[in-house]
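Okay, upload_32.csv now, which holds CSV, C-alpha atoms:
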chain,number,residue,atom,x,y,z
A,1,MET,CA,79.3,175.7,29.8
A,2,ARG,CA,77.1,174.8,26.8
A,3,ASP,CA,79.2,171.7,26.2
A,4,ILE,CA,78.1,170.0,29.4
A,5,ALA,CA,76.5,166.8,28.3
A,6,LEU,CA,73.0,166.3,29.6
A,7,THR,CA,71.2,162.9,29.8
A,8,PRO,CA,69.2,161.3,27.0
A,9,TYR,CA,66.2,161.9,29.2
A,10,ALA,CA,66.9,165.6,29.4
A,11,ASP,CA,67.4,165.7,25.6
A,12,SER,CA,64.1,164.1,25.0
A,13,LEU,CA,62.3,166.4,27.4
A,14,GLY,CA,63.9,169.4,25.7
A,15,ILE,CA,66.1,170.6,28.6
A,16,VAL,CA,69.1,172.6,27.4
A,17,ILE,CA,71.8,174.8,28.9
A,18,HIS,CA,70.6,178.4,28.8
A,19,GLY,CA,73.7,180.1,30.1
A,20,GLU,CA,76.0,180.5,33.1
A,21,GLU,CA,75.6,182.4,36.3
A,22,ASP,CA,78.2,182.5,39.2
A,23,GLY,CA,80.0,179.6,37.6
A,24,ALA,CA,76.8,177.5,37.6
A,25,PRO,CA,74.9,176.3,34.5
A,26,VAL,CA,71.4,177.7,34.1
A,27,LEU,CA,69.1,175.2,32.4
A,28,VAL,CA,65.9,176.0,30.5
A,29,CYS,CA,63.0,173.9,29.3
A,30,GLU,CA,60.4,175.3,27.0
A,31,PHE,CA,56.9,174.2,27.8
A,32,SER,CA,55.4,171.5,25.5
A,33,GLY,CA,52.6,169.1,25.6
A,34,ASN,CA,55.1,166.4,26.8
A,35,MET,CA,55.4,168.4,30.1
A,36,GLU,CA,51.8,169.1,30.8
A,37,GLY,CA,50.1,167.7,33.9
A,38,ARG,CA,46.8,169.2,34.9
A,39,PRO,CA,45.5,171.0,31.7
A,40,GLY,CA,47.5,174.3,31.3
A,41,HIS,CA,50.0,173.4,34.0
A,42,LEU,CA,53.4,171.8,34.2
A,43,HIS,CA,53.5,168.2,35.5
A,44,GLY,CA,55.4,167.9,38.8
A,45,GLY,CA,57.4,165.1,37.4
A,46,ALA,CA,58.7,167.2,34.6
A,47,ILE,CA,59.7,170.0,37.0
A,48,SER,CA,61.4,167.4,39.1
A,49,GLY,CA,63.3,166.1,36.0
A,50,LEU,CA,64.4,169.7,35.3
A,51,LEU,CA,65.6,170.2,38.9
A,52,GLU,CA,67.4,166.9,39.0
A,53,THR,CA,69.1,167.6,35.6
A,54,ALA,CA,70.3,171.0,36.9
A,55,GLY,CA,71.7,169.3,40.0
A,56,TYR,CA,73.7,166.8,38.0
A,57,ALA,CA,74.9,169.4,35.5
A,58,MET,CA,76.2,171.6,38.3
A,59,LEU,CA,78.0,168.7,40.0
A,60,ARG,CA,79.6,167.3,36.8
A,61,HIS,CA,80.7,170.8,35.9
A,62,GLU,CA,82.4,171.3,39.3
A,63,LEU,CA,84.0,167.9,39.4
A,64,SER,CA,85.4,168.4,35.9
A,65,LYS,CA,86.7,171.8,37.0
A,66,GLN,CA,88.5,170.0,39.8
A,67,GLU,CA,89.7,167.3,37.4
A,68,ARG,CA,87.9,164.6,39.4
A,69,SER,CA,86.3,161.7,37.7
A,70,HIS,CA,83.4,159.9,39.4
A,71,ARG,CA,80.4,157.9,38.5
A,72,LEU,CA,77.4,159.7,40.1
A,73,LYS,CA,74.7,157.7,41.9
A,74,PRO,CA,71.6,159.2,43.3
A,75,ILE,CA,71.0,158.7,47.1
A,76,ASN,CA,67.9,160.8,47.4
A,77,ILE,CA,66.0,163.8,46.2
A,78,THR,CA,63.3,165.8,48.0
A,79,VAL,CA,61.3,168.2,45.7
A,80,GLN,CA,59.1,171.0,47.2
A,81,PHE,CA,56.4,172.3,44.9
A,82,LEU,CA,55.8,175.9,45.7
A,83,SER,CA,53.5,177.1,43.0
A,84,ALA,CA,51.8,175.8,39.8
A,85,GLY,CA,54.1,175.8,36.7
A,86,LYS,CA,52.5,177.7,33.8
A,87,PRO,CA,52.8,176.9,30.1
A,88,LYS,CA,56.0,179.0,29.6
A,89,PRO,CA,59.7,178.4,29.8
A,90,SER,CA,61.1,177.1,33.1
A,91,TYR,CA,64.6,177.7,34.4
A,92,ALA,CA,66.7,175.9,37.0
A,93,LYS,CA,70.0,176.5,38.7
A,94,ALA,CA,71.8,174.5,41.3
A,95,ARG,CA,74.2,175.3,44.2
A,96,ILE,CA,76.5,172.8,45.7
A,97,THR,CA,76.0,173.1,49.5
A,98,LYS,CA,78.6,170.5,50.3
A,99,LEU,CA,81.1,168.8,48.2
A,100,GLY,CA,82.8,165.9,50.1
A,101,ARG,CA,85.1,163.1,49.0
A,102,ARG,CA,82.3,160.6,48.6
A,103,ASN,CA,79.0,162.6,48.6
A,104,ALA,CA,77.6,165.9,47.6
A,105,ASN,CA,74.6,167.9,48.9
A,106,ILE,CA,73.0,170.1,46.2
A,107,ALA,CA,70.2,172.6,46.4
A,108,VAL,CA,68.3,173.5,43.2
A,109,GLU,CA,65.7,176.1,42.3
A,110,ALA,CA,63.3,176.3,39.4
A,111,TRP,CA,61.5,179.5,38.4
A,112,GLN,CA,59.6,181.0,35.4
A,113,ASP,CA,59.0,184.7,35.1
A,114,ASP,CA,59.9,185.9,38.5
A,115,ARG,CA,63.3,184.8,39.8
A,116,SER,CA,62.4,185.7,43.4
A,117,ARG,CA,59.4,183.3,43.3
A,118,PRO,CA,60.6,179.8,42.6
A,119,ILE,CA,58.0,177.3,41.4
A,120,ALA,CA,59.9,174.4,43.0
A,121,THR,CA,63.1,173.6,44.9
A,122,ALA,CA,65.0,170.4,45.5
A,123,ILE,CA,67.6,169.0,47.8
A,124,MET,CA,69.7,166.2,46.4
A,125,ASN,CA,72.2,163.9,48.0
A,126,ILE,CA,74.5,162.3,45.4
A,127,LEU,CA,77.1,159.5,45.9
A,128,MET,CA,80.3,159.9,44.0
A,129,VAL,CA,82.0,156.6,43.2
A,130,PRO,CA,85.6,156.7,41.9
A,131,GLU,CA,85.6,155.4,38.3
A,132,GLU,CA,87.8,152.4,39.2
A,133,ASP,CA,85.4,151.3,41.9
A,134,SER,CA,81.9,151.8,40.4
A,135,GLY,CA,80.5,148.5,41.8
A,136,GLU,CA,79.5,150.2,45.0
A,137,THR,CA,75.8,150.7,45.5
A,138,ALA,CA,74.1,153.7,47.0
B,1,MET,CA,29.6,146.4,50.3
B,2,THR,CA,28.9,149.8,51.7
B,3,ASP,CA,31.4,152.4,52.3
B,4,PRO,CA,30.7,155.3,54.8
B,5,ARG,CA,32.9,157.6,52.8
B,6,ASP,CA,30.7,157.3,49.7
B,7,PRO,CA,27.4,155.4,50.0
B,8,ASP,CA,26.9,155.7,46.2
B,9,GLN,CA,29.3,153.0,44.9
B,10,ARG,CA,28.4,153.7,41.3
B,11,ASN,CA,30.1,157.1,41.5
B,12,ARG,CA,33.1,155.8,43.4
B,13,PHE,CA,36.5,156.7,41.8
B,14,ASP,CA,37.7,153.6,40.1
B,15,PRO,CA,41.4,153.9,39.0
B,16,SER,CA,41.1,151.0,36.6
B,17,ARG,CA,38.7,153.1,34.6
B,18,ALA,CA,40.0,156.6,35.3
B,19,ALA,CA,43.7,155.9,35.0
B,20,PRO,CA,43.8,155.0,31.2
B,21,MET,CA,42.0,158.3,30.6
B,22,LEU,CA,44.1,160.4,32.9
B,23,LEU,CA,47.4,158.8,31.7
B,24,GLN,CA,46.6,159.2,28.0
B,25,TYR,CA,47.6,162.9,27.6
B,26,GLY,CA,50.4,165.3,28.4
B,27,HIS,CA,53.5,164.3,30.4
B,28,THR,CA,52.2,160.9,31.6
B,29,GLY,CA,51.1,160.0,28.0
B,30,TRP,CA,54.5,160.9,26.7
B,31,LEU,CA,56.1,158.6,29.4
B,32,GLY,CA,53.7,155.8,28.4
B,33,LEU,CA,52.6,155.2,32.0
B,34,LYS,CA,50.2,152.3,32.3
B,35,TYR,CA,47.7,151.3,35.0
B,36,ARG,CA,48.5,147.9,36.7
B,37,ALA,CA,46.4,147.4,39.8
B,38,HIS,CA,44.8,149.0,42.8
B,39,GLY,CA,43.4,148.3,46.2
B,40,ASP,CA,41.3,150.2,48.8
B,41,ASP,CA,44.1,152.7,49.5
B,42,TRP,CA,46.8,152.0,46.9
B,43,ALA,CA,47.4,152.2,43.1
B,44,GLU,CA,50.1,150.7,40.9
B,45,LEU,CA,51.5,152.0,37.6
B,46,GLU,CA,54.1,150.8,35.2
B,47,LEU,CA,56.8,152.9,33.4
B,48,PRO,CA,57.8,150.9,30.3
B,49,TRP,CA,61.4,150.8,29.3
B,50,ARG,CA,62.4,153.4,26.7
B,51,ASP,CA,65.8,154.1,25.1
B,52,ASP,CA,65.3,157.9,25.2
B,53,LEU,CA,64.6,158.1,28.9
B,54,LEU,CA,68.1,157.0,30.0
B,55,GLY,CA,69.7,158.7,32.9
B,56,GLU,CA,73.2,158.2,31.5
B,57,ALA,CA,74.2,157.9,27.9
B,58,ASP,CA,76.4,154.8,28.4
B,59,ARG,CA,74.2,152.8,30.8
B,60,GLN,CA,70.9,151.1,30.1
B,61,VAL,CA,69.2,152.5,33.2
B,62,LEU,CA,66.1,154.8,33.3
B,63,ALA,CA,66.6,158.3,34.5
B,64,SER,CA,65.0,159.1,37.9
B,65,GLY,CA,62.9,162.0,36.6
B,66,PRO,CA,60.4,159.6,35.0
B,67,ILE,CA,60.3,157.5,38.2
B,68,ILE,CA,59.3,160.7,40.1
B,69,SER,CA,56.6,161.4,37.5
B,70,MET,CA,55.2,157.9,37.9
B,71,MET,CA,55.3,158.0,41.7
B,72,ASP,CA,53.6,161.4,41.7
B,73,MET,CA,50.8,160.0,39.5
B,74,ALA,CA,50.5,156.8,41.4
B,75,SER,CA,50.3,158.9,44.6
B,76,GLY,CA,47.4,161.0,43.2
B,77,LEU,CA,45.6,157.8,42.1
B,78,SER,CA,46.0,156.3,45.6
B,79,ILE,CA,44.5,159.4,47.2
B,80,TRP,CA,41.5,159.5,44.9
B,81,THR,CA,41.0,155.8,45.4
B,82,THR,CA,41.2,156.2,49.2
B,83,LEU,CA,38.7,159.2,49.1
B,84,GLY,CA,36.5,157.4,46.6
B,85,ARG,CA,36.4,160.5,44.4
B,86,PHE,CA,38.4,162.9,42.3
B,87,ILE,CA,39.5,166.2,43.8
B,88,ALA,CA,42.0,168.7,42.6
B,89,ILE,CA,45.3,168.1,44.5
B,90,ALA,CA,48.7,169.6,44.5
B,91,THR,CA,52.0,167.9,45.4
B,92,LEU,CA,53.5,169.8,48.4
B,93,ASP,CA,56.7,167.6,48.5
B,94,LEU,CA,57.9,164.3,47.3
B,95,ARG,CA,61.0,162.5,48.5
B,96,VAL,CA,62.6,159.6,46.7
B,97,ASP,CA,65.2,157.4,48.4
B,98,TYR,CA,67.1,155.4,45.8
B,99,GLN,CA,68.0,151.9,46.9
B,100,ARG,CA,69.8,150.7,43.8
B,101,PRO,CA,69.7,151.3,40.0
B,102,ALA,CA,66.9,149.6,38.1
B,103,LYS,CA,68.0,146.5,36.1
B,104,ASP,CA,69.2,147.1,32.5
B,105,ARG,CA,66.3,147.7,30.1
B,106,ALA,CA,63.8,146.9,32.8
B,107,ALA,CA,60.3,148.5,33.1
B,108,VAL,CA,59.8,150.0,36.5
B,109,ILE,CA,56.6,149.5,38.6
B,110,GLY,CA,55.4,152.0,41.1
B,111,ARG,CA,53.0,151.4,43.9
B,112,ALA,CA,51.8,154.3,46.1
B,113,GLU,CA,49.7,153.9,49.3
B,114,CYS,CA,47.7,156.7,50.8
B,115,TYR,CA,48.1,156.0,54.5
B,116,LYS,CA,46.5,159.1,56.0
B,117,VAL,CA,44.0,161.8,54.9
B,118,THR,CA,43.3,164.9,57.0
B,119,LYS,CA,41.0,167.8,56.3
B,120,SER,CA,43.4,169.4,53.8
B,121,ALA,CA,46.4,167.0,53.4
B,122,ALA,CA,47.0,163.5,52.2
B,123,PHE,CA,50.1,161.5,53.1
B,124,VAL,CA,51.5,158.9,50.8
B,125,ARG,CA,54.3,156.4,50.8
B,126,GLY,CA,55.4,153.9,48.2
B,127,ILE,CA,58.0,151.9,46.4
B,128,ALA,CA,59.3,151.5,42.9
B,129,HIS,CA,60.6,148.1,41.8
B,130,ASP,CA,61.6,146.3,38.7
B,131,GLY,CA,60.0,142.9,39.2
B,132,ASP,CA,60.4,142.0,42.9
B,133,PRO,CA,58.5,144.3,45.4
B,134,ASP,CA,60.7,142.9,48.2
B,135,ASP,CA,63.8,144.4,46.5
B,136,PRO,CA,62.7,147.9,45.6
B,137,VAL,CA,64.6,150.4,43.4
B,138,ALA,CA,63.3,153.3,45.5
B,139,HIS,CA,61.1,154.2,48.4
B,140,ILE,CA,59.1,157.4,48.2
B,141,ALA,CA,57.1,159.6,50.7
B,142,GLY,CA,54.9,162.5,49.7
B,143,VAL,CA,52.4,165.1,51.0
B,144,PHE,CA,49.6,166.4,48.9
B,145,MET,CA,47.1,169.2,49.5
B,146,SER,CA,43.6,169.8,48.1
B,147,ILE,CA,43.4,172.9,46.0
B,148,GLY,CA,40.4,175.0,45.2
B,149,GLY,CA,37.0,173.4,45.8
B,150,ASP,CA,35.9,172.7,49.3
B,151,ALA,CA,38.8,172.0,51.7
B,152,ARG,CA,36.4,170.7,54.4
B,153,ASN,CA,35.8,167.6,52.3
B,154,ALA,CA,39.4,166.9,51.6
Representation of the structure as structure tokens:
Amino acid sequence: MRDIALTPYADSLGIVIHGEEDGAPVLVCEFSGNMEGRPGHLHGGAISGLLETAGYAMLRHELSKQERSHRLKPINITVQFLSAGKPKPSYAKARITKLGRRNANIAVEAWQDDRSRPIATAIMNILMVPEEDSGETA
Amino acid sequence: MTDPRDPDQRNRFDPSRAAPMLLQYGHTGWLGLKYRAHGDDWAELELPWRDDLLGEADRQVLASGPIISMMDMASGLSIWTTLGRFIAIATLDLRVDYQRPAKDRAAVIGRAECYKVTKSAAFVRGIAHDGDPDDPVAHIAGVFMSIGGDARNA
């Protein structure tokens, strides 16, 4: 699980694979000044970046398990911000709600201390283009 | 010019003056977001190209996380600009519909417009583009709420 490659963006924000749960990668991001929005709080954009990274990590993991090879293209993402992120580590884990032939629907949750009180959730729709036909646009 | 929302124009929120200060620190400072322009109910920012913000290791395209960060910040600025003053706000939700990937090594420009303010909520829509506003990279829609302070004035 720890060998799933994350994006250069995720690397520079400090997002890493924390572990595995129910076959899904759990990601973690330590708080740093680079993630701060309102003083003493996580920036919504940084939380969104963590959610989105967890969504892609889950989908890539599942596709590789099924030995499918696709170029992934974002269709959309909706992020719900539920409570203010504090200056402490944030975790995120995704669940594939639907995995079709051409598109996937993914639900992601991010939390800090209390797993039962997520700080943000996201729904993502992702287009999966076969590698030989990556010219298609979302 | 008088404005019924704030008769004292001297104290009116001015994104061209406030943004460089607000964008200097933390996450937005790390991204290098820059103020570009504003109108009565909109604000525009720029996310400069950067190698370490790629969304895929093998393609010269910005990740979408930084675009969300920019649109969130542009949305906040558009709300404060519309209200004419700074209040503490929280993003309730933000939706991004991607139209196409940004051009290789292109900076992305984000314009958000606050089209409705109620007692406690503000509604925002906007686009992100890489040079031509008529050919956006993404459309966004978001809802914000005032936090703390006096909700009657929000």
_Could you check the closest approach to Thr121 in chain A for each of B:Arg100, B:Arg125, B:Arg95, B:Lys116 and tell me which residue wins, using all atoms listed in the file?_
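The closest residue to Thr121 in chain A is B:Arg95.
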*For range 60-62 of chain B, list every protein, DNA or RNA residue within 9 Å, evaluated using all atoms listed in the file, and leave out those in the same chain fewer than 4 positions away; present the list as a list in words.*
Tyr9 of chain A; Trp49, Arg50, Asp51, Asp52, Leu53, Leu54, Gly55, Glu56, Pro66, Ile67, Pro101, Ala102, Lys103, Asp104, Arg105, Ala106, Ala107 and Val108 of chain B
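Here CA of Ala10 in chain A stands at a distance of 21.7 Å from CA of Asp93 in chain B.
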*Rounded to one decimal in Å, what is the spacing between CA of Arg71 in chain A and CA of Val129 in chain A?*
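Computed distance, CA of Arg71 in chain A to CA of Val129 in chain A, equals 5.1 Å.
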_Quick check, in Å to one decimal: how far apart do CA of Ala122 in chain B and CA of Ile79 in chain B lie?_
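Computing it gives 6.9 Å between the two atoms.
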Within 10 Å of chain A, which residues of chain B show up when using all atoms listed in the file, listed as an mmCIF file with C-alpha atoms, in the frame of the given file?
data_model
loop_
_atom_site.group_PDB
_atom_site.id
_atom_site.type_symbol
_atom_site.label_atom_id
_atom_site.label_comp_id
_atom_site.auth_asym_id
_atom_site.auth_seq_id
_atom_site.Cartn_x
_atom_site.Cartn_y
_atom_site.Cartn_z
ATOM 1 C CA LEU B 22 44.100 160.400 32.900
ATOM 2 C CA LEU B 23 47.400 158.800 31.700
ATOM 3 C CA TYR B 25 47.600 162.900 27.600
ATOM 4 C CA GLY B 26 50.400 165.300 28.400
ATOM 5 C CA HIS B 27 53.500 164.300 30.400
ATOM 6 C CA THR B 28 52.200 160.900 31.600
ATOM 7 C CA GLY B 29 51.100 160.000 28.000
ATOM 8 C CA TRP B 30 54.500 160.900 26.700
ATOM 9 C CA LEU B 31 56.100 158.600 29.400
ATOM 10 C CA ARG B 50 62.400 153.400 26.700
ATOM 11 C CA ASP B 51 65.800 154.100 25.100
ATOM 12 C CA ASP B 52 65.300 157.900 25.200
ATOM 13 C CA LEU B 53 64.600 158.100 28.900
ATOM 14 C CA LEU B 54 68.100 157.000 30.000
ATOM 15 C CA GLY B 55 69.700 158.700 32.900
ATOM 16 C CA GLU B 56 73.200 158.200 31.500
ATOM 17 C CA ALA B 57 74.200 157.900 27.900
ATOM 18 C CA ASP B 58 76.400 154.800 28.400
ATOM 19 C CA LEU B 62 66.100 154.800 33.300
ATOM 20 C CA ALA B 63 66.600 158.300 34.500
ATOM 21 C CA SER B 64 65.000 159.100 37.900
ATOM 22 C CA GLY B 65 62.900 162.000 36.600
ATOM 23 C CA PRO B 66 60.400 159.600 35.000
ATOM 24 C CA ILE B 67 60.300 157.500 38.200
ATOM 25 C CA ILE B 68 59.300 160.700 40.100
ATOM 26 C CA SER B 69 56.600 161.400 37.500
ATOM 27 C CA MET B 70 55.200 157.900 37.900
ATOM 28 C CA MET B 71 55.300 158.000 41.700
ATOM 29 C CA ASP B 72 53.600 161.400 41.700
ATOM 30 C CA MET B 73 50.800 160.000 39.500
ATOM 31 C CA ALA B 88 42.000 168.700 42.600
ATOM 32 C CA ILE B 89 45.300 168.100 44.500
ATOM 33 C CA ALA B 90 48.700 169.600 44.500
ATOM 34 C CA THR B 91 52.000 167.900 45.400
ATOM 35 C CA LEU B 92 53.500 169.800 48.400
ATOM 36 C CA ASP B 93 56.700 167.600 48.500
ATOM 37 C CA LEU B 94 57.900 164.300 47.300
ATOM 38 C CA ARG B 95 61.000 162.500 48.500
ATOM 39 C CA VAL B 96 62.600 159.600 46.700
ATOM 40 C CA ASP B 97 65.200 157.400 48.400
ATOM 41 C CA TYR B 98 67.100 155.400 45.800
ATOM 42 C CA GLN B 99 68.000 151.900 46.900
ATOM 43 C CA ARG B 100 69.800 150.700 43.800
ATOM 44 C CA PRO B 101 69.700 151.300 40.000
ATOM 45 C CA ALA B 138 63.300 153.300 45.500
ATOM 46 C CA HIS B 139 61.100 154.200 48.400
ATOM 47 C CA ILE B 140 59.100 157.400 48.200
ATOM 48 C CA ALA B 141 57.100 159.600 50.700
ATOM 49 C CA GLY B 142 54.900 162.500 49.700
ATOM 50 C CA VAL B 143 52.400 165.100 51.000
ATOM 51 C CA PHE B 144 49.600 166.400 48.900
#
*asked:* At a cut-off of 7 Å, using only C-alpha atoms, what residues contact Phe13 in chain B? Leave out same-chain residues fewer than 4 positions from it and give the result as a list in words.
replied: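 So, after excluding close chain neighbours, the residues are Trp80, Thr81, Gly84, Arg85 and Phe86 of chain B.
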*Do you know which residues are at most 9 Å from Cys29 in chain A counting all atoms listed in the file, after dropping those on the same chain fewer than 6 positions away, and could you put them as a ChimeraX atom specification?*
/A:13-18,50,88-92
Box for range 95-104 of chain B - axis-aligned, 5 Å on each of the six sides, all listed atoms - centre and size in Å to one decimal, as lines of an AutoDock Vina configuration file.
center_x = 65.4
center_y = 154.5
center_z = 40.5
size_x = 18.8
size_y = 26.0
size_z = 26.0
_Distance query Ala37 in chain B at most 9 Å, only C-alpha atoms, self and fewer than 5 positions along chain excluded, as JSON, numbers by chain_ = {"B": [15, 16, 42, 43, 44, 45, 111]}
*So which one's closest to Leu99 in chain A, A:Glu67, A:Glu21, A:Val28, A:Met128? Using all atoms listed in the file, please.*
A:Met128
